[in-house]
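The data block below is input-v9.pdb; it holds PDB, C-alpha atoms.
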```
ATOM      1  CA  MET P  56      96.651  84.048 100.840  1.00  0.00           C
ATOM      2  CA  THR P  57      93.181  85.499 100.988  1.00  0.00           C
ATOM      3  CA  THR P  58      90.062  83.655 100.063  1.00  0.00           C
ATOM      4  CA  ALA P  59      87.387  85.003  97.772  1.00  0.00           C
ATOM      5  CA  ARG P  60      85.174  85.334 100.818  1.00  0.00           C
ATOM      6  CA  HIS P  61      87.532  87.920 102.342  1.00  0.00           C
ATOM      7  CA  ARG P  62      88.628  89.717  99.173  1.00  0.00           C
ATOM      8  CA  ASP P  63      87.591  93.346  98.742  1.00  0.00           C
ATOM      9  CA  PRO P  64      87.800  94.316  95.033  1.00  0.00           C
ATOM     10  CA  ALA P  65      88.074  98.007  95.894  1.00  0.00           C
ATOM     11  CA  HIS P  66      91.339  97.281  97.695  1.00  0.00           C
ATOM     12  CA  SER P  67      92.844  94.534  95.535  1.00  0.00           C
ATOM     13  CA  ALA P  68      95.995  96.293  94.286  1.00  0.00           C
ATOM     14  CA  THR P  69      98.823  97.184  96.639  1.00  0.00           C
ATOM     15  CA  PRO P  70      99.772 100.851  96.256  1.00  0.00           C
ATOM     16  CA  PRO P  71     103.341 101.501  95.045  1.00  0.00           C
ATOM     17  CA  GLY P  72     105.796 101.663  97.934  1.00  0.00           C
ATOM     18  CA  ALA P  73     103.404  99.992 100.405  1.00  0.00           C
ATOM     19  CA  PRO P  74     104.678  96.841 102.136  1.00  0.00           C
ATOM     20  CA  ARG P  75     103.402  93.704 100.426  1.00  0.00           C
ATOM     21  CA  THR P  76     104.299  91.349 103.267  1.00  0.00           C
ATOM     22  CA  LEU P  77     104.772  91.392 107.019  1.00  0.00           C
ATOM     23  CA  ALA P  78     108.536  91.007 106.468  1.00  0.00           C
ATOM     24  CA  GLU P  79     108.575  94.176 104.339  1.00  0.00           C
ATOM     25  CA  GLU P  80     106.574  95.991 107.021  1.00  0.00           C
ATOM     26  CA  LEU P  81     109.008  94.871 109.738  1.00  0.00           C
ATOM     27  CA  ARG P  82     111.893  96.283 107.673  1.00  0.00           C
ATOM     28  CA  THR P  83     110.287  99.726 107.898  1.00  0.00           C
ATOM     29  CA  ARG P  84     110.019  99.622 111.700  1.00  0.00           C
ATOM     30  CA  PRO P  85     112.472 101.639 113.753  1.00  0.00           C
ATOM     31  CA  ASP P  86     114.648  99.799 116.279  1.00  0.00           C
ATOM     32  CA  ASP P  87     112.341 100.685 119.168  1.00  0.00           C
ATOM     33  CA  GLY P  88     109.388  99.237 117.223  1.00  0.00           C
ATOM     34  CA  LEU P  89     111.248  95.949 116.786  1.00  0.00           C
ATOM     35  CA  ALA P  90     112.233  96.011 120.466  1.00  0.00           C
ATOM     36  CA  THR P  91     108.560  96.471 121.396  1.00  0.00           C
ATOM     37  CA  LEU P  92     107.639  93.469 119.231  1.00  0.00           C
ATOM     38  CA  LEU P  93     110.295  91.265 120.818  1.00  0.00           C
ATOM     39  CA  HIS P  94     109.312  92.391 124.314  1.00  0.00           C
ATOM     40  CA  ALA P  95     105.629  91.620 123.626  1.00  0.00           C
ATOM     41  CA  ARG P  96     106.408  88.287 121.948  1.00  0.00           C
ATOM     42  CA  PRO P  97     109.572  86.882 123.572  1.00  0.00           C
ATOM     43  CA  ASP P  98     109.027  83.483 121.913  1.00  0.00           C
ATOM     44  CA  LEU P  99     110.226  85.089 118.658  1.00  0.00           C
ATOM     45  CA  LEU P 100     113.755  85.352 120.090  1.00  0.00           C
ATOM     46  CA  THR P 101     114.415  81.641 120.628  1.00  0.00           C
ATOM     47  CA  PRO P 102     116.451  80.832 118.683  1.00  0.00           C
ATOM     48  CA  VAL P 103     117.567  84.297 117.621  1.00  0.00           C
ATOM     49  CA  PRO P 104     116.252  84.921 114.097  1.00  0.00           C
ATOM     50  CA  GLY P 105     118.899  85.471 111.414  1.00  0.00           C
ATOM     51  CA  ASP P 106     117.009  88.278 109.683  1.00  0.00           C
ATOM     52  CA  LEU P 107     113.673  90.061 109.531  1.00  0.00           C
ATOM     53  CA  THR P 108     112.235  87.606 107.017  1.00  0.00           C
ATOM     54  CA  GLN P 109     112.878  84.778 109.475  1.00  0.00           C
ATOM     55  CA  LEU P 110     111.378  86.905 112.274  1.00  0.00           C
ATOM     56  CA  ALA P 111     108.237  87.552 110.188  1.00  0.00           C
ATOM     57  CA  THR P 112     107.916  83.863 109.343  1.00  0.00           C
ATOM     58  CA  ARG P 113     108.235  82.917 113.005  1.00  0.00           C
ATOM     59  CA  ALA P 114     105.722  85.635 113.969  1.00  0.00           C
ATOM     60  CA  GLY P 115     103.196  83.934 111.689  1.00  0.00           C
ATOM     61  CA  THR P 116     103.531  80.420 113.076  1.00  0.00           C
ATOM     62  CA  ARG P 117     100.475  78.954 114.716  1.00  0.00           C
ATOM     63  CA  ALA P 118     102.037  78.426 118.157  1.00  0.00           C
ATOM     64  CA  SER P 119     103.424  81.957 118.284  1.00  0.00           C
ATOM     65  CA  VAL P 120     100.196  83.570 117.075  1.00  0.00           C
ATOM     66  CA  VAL P 121      98.153  81.591 119.610  1.00  0.00           C
ATOM     67  CA  ARG P 122     100.446  82.822 122.413  1.00  0.00           C
ATOM     68  CA  ALA P 123     100.216  86.406 121.154  1.00  0.00           C
ATOM     69  CA  LEU P 124      96.412  86.252 120.929  1.00  0.00           C
ATOM     70  CA  GLU P 125      96.192  84.811 124.444  1.00  0.00           C
ATOM     71  CA  ARG P 126      98.102  87.826 125.795  1.00  0.00           C
ATOM     72  CA  LEU P 127      95.769  90.427 124.277  1.00  0.00           C
ATOM     73  CA  ASP P 128      93.237  92.255 126.393  1.00  0.00           C
ATOM     74  CA  ARG P 129      89.593  91.538 125.612  1.00  0.00           C
ATOM     75  CA  PHE P 130      89.035  94.619 123.433  1.00  0.00           C
ATOM     76  CA  ALA P 131      92.167  94.027 121.322  1.00  0.00           C
ATOM     77  CA  LEU P 132      91.095  90.394 120.859  1.00  0.00           C
ATOM     78  CA  GLN P 133      87.616  91.543 119.788  1.00  0.00           C
ATOM     79  CA  THR P 134      89.299  93.879 117.307  1.00  0.00           C
ATOM     80  CA  ALA P 135      91.301  90.964 115.904  1.00  0.00           C
ATOM     81  CA  GLU P 136      88.103  88.903 115.699  1.00  0.00           C
ATOM     82  CA  ALA P 137      86.409  91.687 113.722  1.00  0.00           C
ATOM     83  CA  LEU P 138      89.390  91.830 111.365  1.00  0.00           C
ATOM     84  CA  ALA P 139      89.193  88.053 110.919  1.00  0.00           C
ATOM     85  CA  VAL P 140      85.717  88.322 109.415  1.00  0.00           C
ATOM     86  CA  ALA P 141      86.375  91.574 107.538  1.00  0.00           C
ATOM     87  CA  PRO P 142      87.540  91.755 103.933  1.00  0.00           C
ATOM     88  CA  ASP P 143      91.308  91.458 103.510  1.00  0.00           C
ATOM     89  CA  PRO P 144      92.616  94.127 103.399  1.00  0.00           C
ATOM     90  CA  CYS P 145      90.256  96.144 105.566  1.00  0.00           C
ATOM     91  CA  SER P 146      90.150  99.906 105.976  1.00  0.00           C
ATOM     92  CA  TYR P 147      90.210 101.443 109.441  1.00  0.00           C
ATOM     93  CA  GLY P 148      86.793 102.988 108.744  1.00  0.00           C
ATOM     94  CA  ARG P 149      85.307  99.610 107.897  1.00  0.00           C
ATOM     95  CA  LEU P 150      86.864  98.098 111.022  1.00  0.00           C
ATOM     96  CA  ALA P 151      85.372 100.886 113.143  1.00  0.00           C
ATOM     97  CA  ALA P 152      81.958 100.226 111.569  1.00  0.00           C
ATOM     98  CA  LEU P 153      82.276  96.509 112.330  1.00  0.00           C
ATOM     99  CA  MET P 154      83.185  97.255 115.926  1.00  0.00           C
ATOM    100  CA  THR P 155      80.319  99.676 116.539  1.00  0.00           C
ATOM    101  CA  GLY P 156      77.683  98.015 114.356  1.00  0.00           C
ATOM    102  CA  GLU P 157      75.378  99.574 111.808  1.00  0.00           C
ATOM    103  CA  ASP P 158      73.245 101.148 114.508  1.00  0.00           C
ATOM    104  CA  PRO P 159      75.830 102.419 116.994  1.00  0.00           C
ATOM    105  CA  GLY P 160      74.618 102.150 120.551  1.00  0.00           C
ATOM    106  CA  PRO P 161      75.721 103.913 123.711  1.00  0.00           C
ATOM    107  CA  ASP P 162      79.098 102.141 123.683  1.00  0.00           C
ATOM    108  CA  ALA P 163      80.084 103.514 120.256  1.00  0.00           C
ATOM    109  CA  ALA P 164      82.006 106.478 121.699  1.00  0.00           C
ATOM    110  CA  GLU P 165      83.968 104.190 124.014  1.00  0.00           C
ATOM    111  CA  THR P 166      84.691 101.834 121.119  1.00  0.00           C
ATOM    112  CA  ALA P 167      85.885 104.731 118.956  1.00  0.00           C
ATOM    113  CA  ARG P 168      88.112 105.930 121.791  1.00  0.00           C
ATOM    114  CA  ARG P 169      89.667 102.492 122.397  1.00  0.00           C
ATOM    115  CA  LEU P 170      90.033 101.304 118.807  1.00  0.00           C
ATOM    116  CA  PRO P 171      93.283 103.164 117.976  1.00  0.00           C
ATOM    117  CA  GLU P 172      94.884 101.636 121.081  1.00  0.00           C
ATOM    118  CA  ALA P 173      93.754  98.131 120.087  1.00  0.00           C
ATOM    119  CA  VAL P 174      95.013  98.551 116.514  1.00  0.00           C
ATOM    120  CA  ALA P 175      98.351  99.808 117.878  1.00  0.00           C
ATOM    121  CA  ALA P 176      98.577  96.765 120.181  1.00  0.00           C
ATOM    122  CA  LEU P 177      97.938  94.398 117.262  1.00  0.00           C
ATOM    123  CA  ARG P 178     100.521  96.212 115.127  1.00  0.00           C
ATOM    124  CA  ALA P 179     103.114  96.232 117.923  1.00  0.00           C
ATOM    125  CA  ARG P 180     102.748  92.434 118.205  1.00  0.00           C
ATOM    126  CA  ALA P 181     102.996  91.933 114.412  1.00  0.00           C
ATOM    127  CA  LEU P 182      99.494  90.484 114.316  1.00  0.00           C
ATOM    128  CA  LEU P 183      98.350  93.342 112.098  1.00  0.00           C
ATOM    129  CA  TRP P 184     100.223  95.252 109.433  1.00  0.00           C
ATOM    130  CA  GLY P 185      99.580  97.668 106.596  1.00  0.00           C
ATOM    131  CA  ALA P 186      98.423 101.255 106.307  1.00  0.00           C
ATOM    132  CA  ASP P 187      95.102 102.348 107.821  1.00  0.00           C
ATOM    133  CA  ASP P 188      93.409 102.004 104.438  1.00  0.00           C
ATOM    134  CA  ARG P 189      94.787  98.450 103.997  1.00  0.00           C
ATOM    135  CA  LEU P 190      94.876  96.725 107.394  1.00  0.00           C
ATOM    136  CA  ARG P 191      95.895  93.075 107.204  1.00  0.00           C
ATOM    137  CA  LEU P 192      95.573  90.571 110.006  1.00  0.00           C
ATOM    138  CA  VAL P 193      98.297  87.919 109.723  1.00  0.00           C
ATOM    139  CA  ARG P 194      96.971  84.865 107.933  1.00  0.00           C
ATOM    140  CA  THR P 195      97.382  82.506 110.895  1.00  0.00           C
ATOM    141  CA  ALA P 196      95.388  84.819 113.182  1.00  0.00           C
ATOM    142  CA  ARG P 197      92.673  85.088 110.512  1.00  0.00           C
ATOM    143  CA  GLU P 198      92.532  81.295 110.261  1.00  0.00           C
ATOM    144  CA  LEU P 199      92.394  80.883 114.041  1.00  0.00           C
ATOM    145  CA  LEU P 200      89.711  83.512 114.588  1.00  0.00           C
ATOM    146  CA  SER P 201      87.442  83.262 111.560  1.00  0.00           C
ATOM    147  CA  PRO P 202      84.634  80.717 111.498  1.00  0.00           C
ATOM    148  CA  SER P 203      84.380  77.918 108.986  1.00  0.00           C
ATOM    149  CA  PRO P 204      81.807  75.181 108.389  1.00  0.00           C
ATOM    150  CA  THR P 205      84.101  72.514 109.823  1.00  0.00           C
ATOM    151  CA  SER P 206      85.502  74.610 112.656  1.00  0.00           C
ATOM    152  CA  PRO P 207      83.328  77.262 114.276  1.00  0.00           C
ATOM    153  CA  SER P 208      85.650  79.844 115.702  1.00  0.00           C
ATOM    154  CA  PRO P 209      86.320  80.505 119.356  1.00  0.00           C
ATOM    155  CA  THR P 210      84.909  83.975 118.754  1.00  0.00           C
ATOM    156  CA  GLY P 211      81.419  82.555 118.953  1.00  0.00           C
ATOM    157  CA  LEU P 212      80.570  83.994 115.551  1.00  0.00           C
ATOM    158  CA  GLY P 213      80.014  80.568 114.039  1.00  0.00           C
ATOM    159  CA  PRO P 214      79.639  79.847 110.338  1.00  0.00           C
ATOM    160  CA  THR P 215      77.778  82.129 107.970  1.00  0.00           C
ATOM    161  CA  VAL P 216      74.069  81.441 107.366  1.00  0.00           C
ATOM    162  CA  ALA P 217      74.908  80.092 103.905  1.00  0.00           C
ATOM    163  CA  GLU P 218      77.503  77.709 105.368  1.00  0.00           C
ATOM    164  CA  ALA P 219      75.261  76.604 108.238  1.00  0.00           C
ATOM    165  CA  THR P 220      72.261  75.922 106.006  1.00  0.00           C
ATOM    166  CA  SER P 221      73.988  74.315 103.026  1.00  0.00           C
ATOM    167  CA  GLY P 222      72.392  70.970 102.339  1.00  0.00           C
ATOM    168  CA  MET P 223      69.253  71.660 104.400  1.00  0.00           C
ATOM    169  CA  SER P 224      65.928  70.908 102.858  1.00  0.00           C
ATOM    170  CA  PRO P 225      63.582  73.830 102.069  1.00  0.00           C
ATOM    171  CA  GLY P 226      61.142  72.492 104.674  1.00  0.00           C
ATOM    172  CA  ARG P 227      63.818  72.517 107.394  1.00  0.00           C
ATOM    173  CA  LEU P 228      64.882  76.049 106.407  1.00  0.00           C
ATOM    174  CA  GLN P 229      61.253  77.189 106.593  1.00  0.00           C
ATOM    175  CA  SER P 230      60.813  75.729 110.064  1.00  0.00           C
ATOM    176  CA  ILE P 231      63.982  77.496 111.274  1.00  0.00           C
ATOM    177  CA  ILE P 232      62.768  80.804 109.815  1.00  0.00           C
ATOM    178  CA  VAL P 233      59.366  80.400 111.497  1.00  0.00           C
ATOM    179  CA  ALA P 234      60.965  79.424 114.825  1.00  0.00           C
ATOM    180  CA  ALA P 235      63.174  82.539 114.659  1.00  0.00           C
ATOM    181  CA  GLY P 236      60.108  84.705 114.033  1.00  0.00           C
ATOM    182  CA  LEU P 237      61.354  85.920 110.665  1.00  0.00           C
ATOM    183  CA  PRO P 238      59.112  86.589 107.663  1.00  0.00           C
TER     184      PRO P 238
END
```
Produce structure tokens that represent the structure in this file.
Amino acid sequence: MTTARHRDPAHSATPPGAPRTLAEELRTRPDDGLATLLHARPDLLTPVPGDLTQLATRAGTRASVVRALERLDRFALQTAEALAVAPDPCSYGRLAALMTGEDPGPDAAETARRLPEAVAALRARALLWGADDRLRLVRTARELLSPSPTSPSPTGLGPTVAEATSGMSPGRLQSIIVAAGLP
């Protein structure tokens, strides 16, 4: 379930024929795609799942998602972290913009070159599903990677400014703004 914070009104309706769940997406995968998933995430095999719905459910459990995230290379993990703070669903273009920033620096070309590989790695591990215009990070990964007021994420992104400053007095806010050198 998405929260209002992550909802993108422009992408709220699922197009006809598009998978609505990870289980539906797994049903569209060819045998070699399922084999790749099971090779990348062997914990999903024990015990052997009875069907693809059970496999999808197991792929979304906290312990399994944590193991899958731990096995990602740094760039794929950064891609997952960007998806965790992006609207759900997120377009590939928006993800690319999040990864390169609003003012792309010298690393933007390298990021653009590596992003398809990272998205493919997340898809292969069933951490990401959906078409390129509707990318969805599995809910457990989003919860693990996105910051909240009570649990700053391991991504180092921390809570939003609104969350971090809720309940602060105007005087305290002013002193923080001055200390940061902001107008």
* Can you work out the spacing between atom CA of Ala141 of chain P and atom CA of Glu198 of chain P in Å, to one decimal? =>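 Computing it gives 12.3 Å between the two atoms.
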Let me have the centre and edge lengths of the axis-aligned box enclosing all listed atoms of segment 185-193 of chain P with 6 Å padding on every side, in Å to one decimal, as JSON.
```
{"center_x": 96.5, "center_y": 95.1, "center_z": 107.0, "size_x": 18.2, "size_y": 26.4, "size_z": 18.0}
```
* Excluding segment 175-188 of chain P and any residue of its chain fewer than 4 positions from it, enumerate the residues within 6 Å of it, using all atoms listed in the file, and give them as a PyMOL selection string. => chain P and resi 92+146-147+192-193
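Shortest atom-to-atom contact with Thr112 of chain P among P:Ser230, P:Gln133, P:Thr166, P:Thr76: P:Thr76, counting all atoms listed in the file.
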* To do: Name the residues that the PyMOL selection byres ((chain P and resi 145) around 8) picks from the file above, as a ChimeraX atom specification, using the file's chain letters and numbers.
  => /P:63,138,141-144,146-147,149-150,188-191
Next, dump the selected residues to file, keeping only C-alpha atoms, as a PDB file, in the frame of the given file.
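Output saved as selection_34.pdb:
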```pdb
ATOM      1  CA  ASP P  63      87.591  93.346  98.742  1.00  0.00           C
ATOM      2  CA  LEU P 138      89.390  91.830 111.365  1.00  0.00           C
ATOM      3  CA  ALA P 141      86.375  91.574 107.538  1.00  0.00           C
ATOM      4  CA  PRO P 142      87.540  91.755 103.933  1.00  0.00           C
ATOM      5  CA  ASP P 143      91.308  91.458 103.510  1.00  0.00           C
ATOM      6  CA  PRO P 144      92.616  94.127 103.399  1.00  0.00           C
ATOM      7  CA  SER P 146      90.150  99.906 105.976  1.00  0.00           C
ATOM      8  CA  TYR P 147      90.210 101.443 109.441  1.00  0.00           C
ATOM      9  CA  ARG P 149      85.307  99.610 107.897  1.00  0.00           C
ATOM     10  CA  LEU P 150      86.864  98.098 111.022  1.00  0.00           C
ATOM     11  CA  ASP P 188      93.409 102.004 104.438  1.00  0.00           C
ATOM     12  CA  ARG P 189      94.787  98.450 103.997  1.00  0.00           C
ATOM     13  CA  LEU P 190      94.876  96.725 107.394  1.00  0.00           C
ATOM     14  CA  ARG P 191      95.895  93.075 107.204  1.00  0.00           C
TER      15      ARG P 191
END
```
* Please tell me which residues are no farther than 12 Å from (82.0, 99.7, 113.7) in the file, counting all atoms listed in the file, and write them as a list in words. => Gln133, Thr134, Ala137, Leu138, Ala141, Ser146, Tyr147, Gly148, Arg149, Leu150, Ala151, Ala152, Leu153, Met154, Thr155, Gly156, Glu157, Asp158, Pro159, Gly160, Asp162, Ala163, Ala164, Glu165, Thr166, Ala167, Arg168, Arg169 and Leu170 of chain P
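Against the coordinates shown, the PyMOL selection byres ((chain P and resi 118-127) around 8) returns P:Ala95, P:Arg96, P:Asp98, P:Leu99, P:Arg113, P:Ala114, P:Gly115, P:Thr116, P:Arg117, P:Asp128, P:Arg129, P:Phe130, P:Ala131, P:Leu132, P:Arg180, P:Leu182, P:Thr195, P:Ala196.
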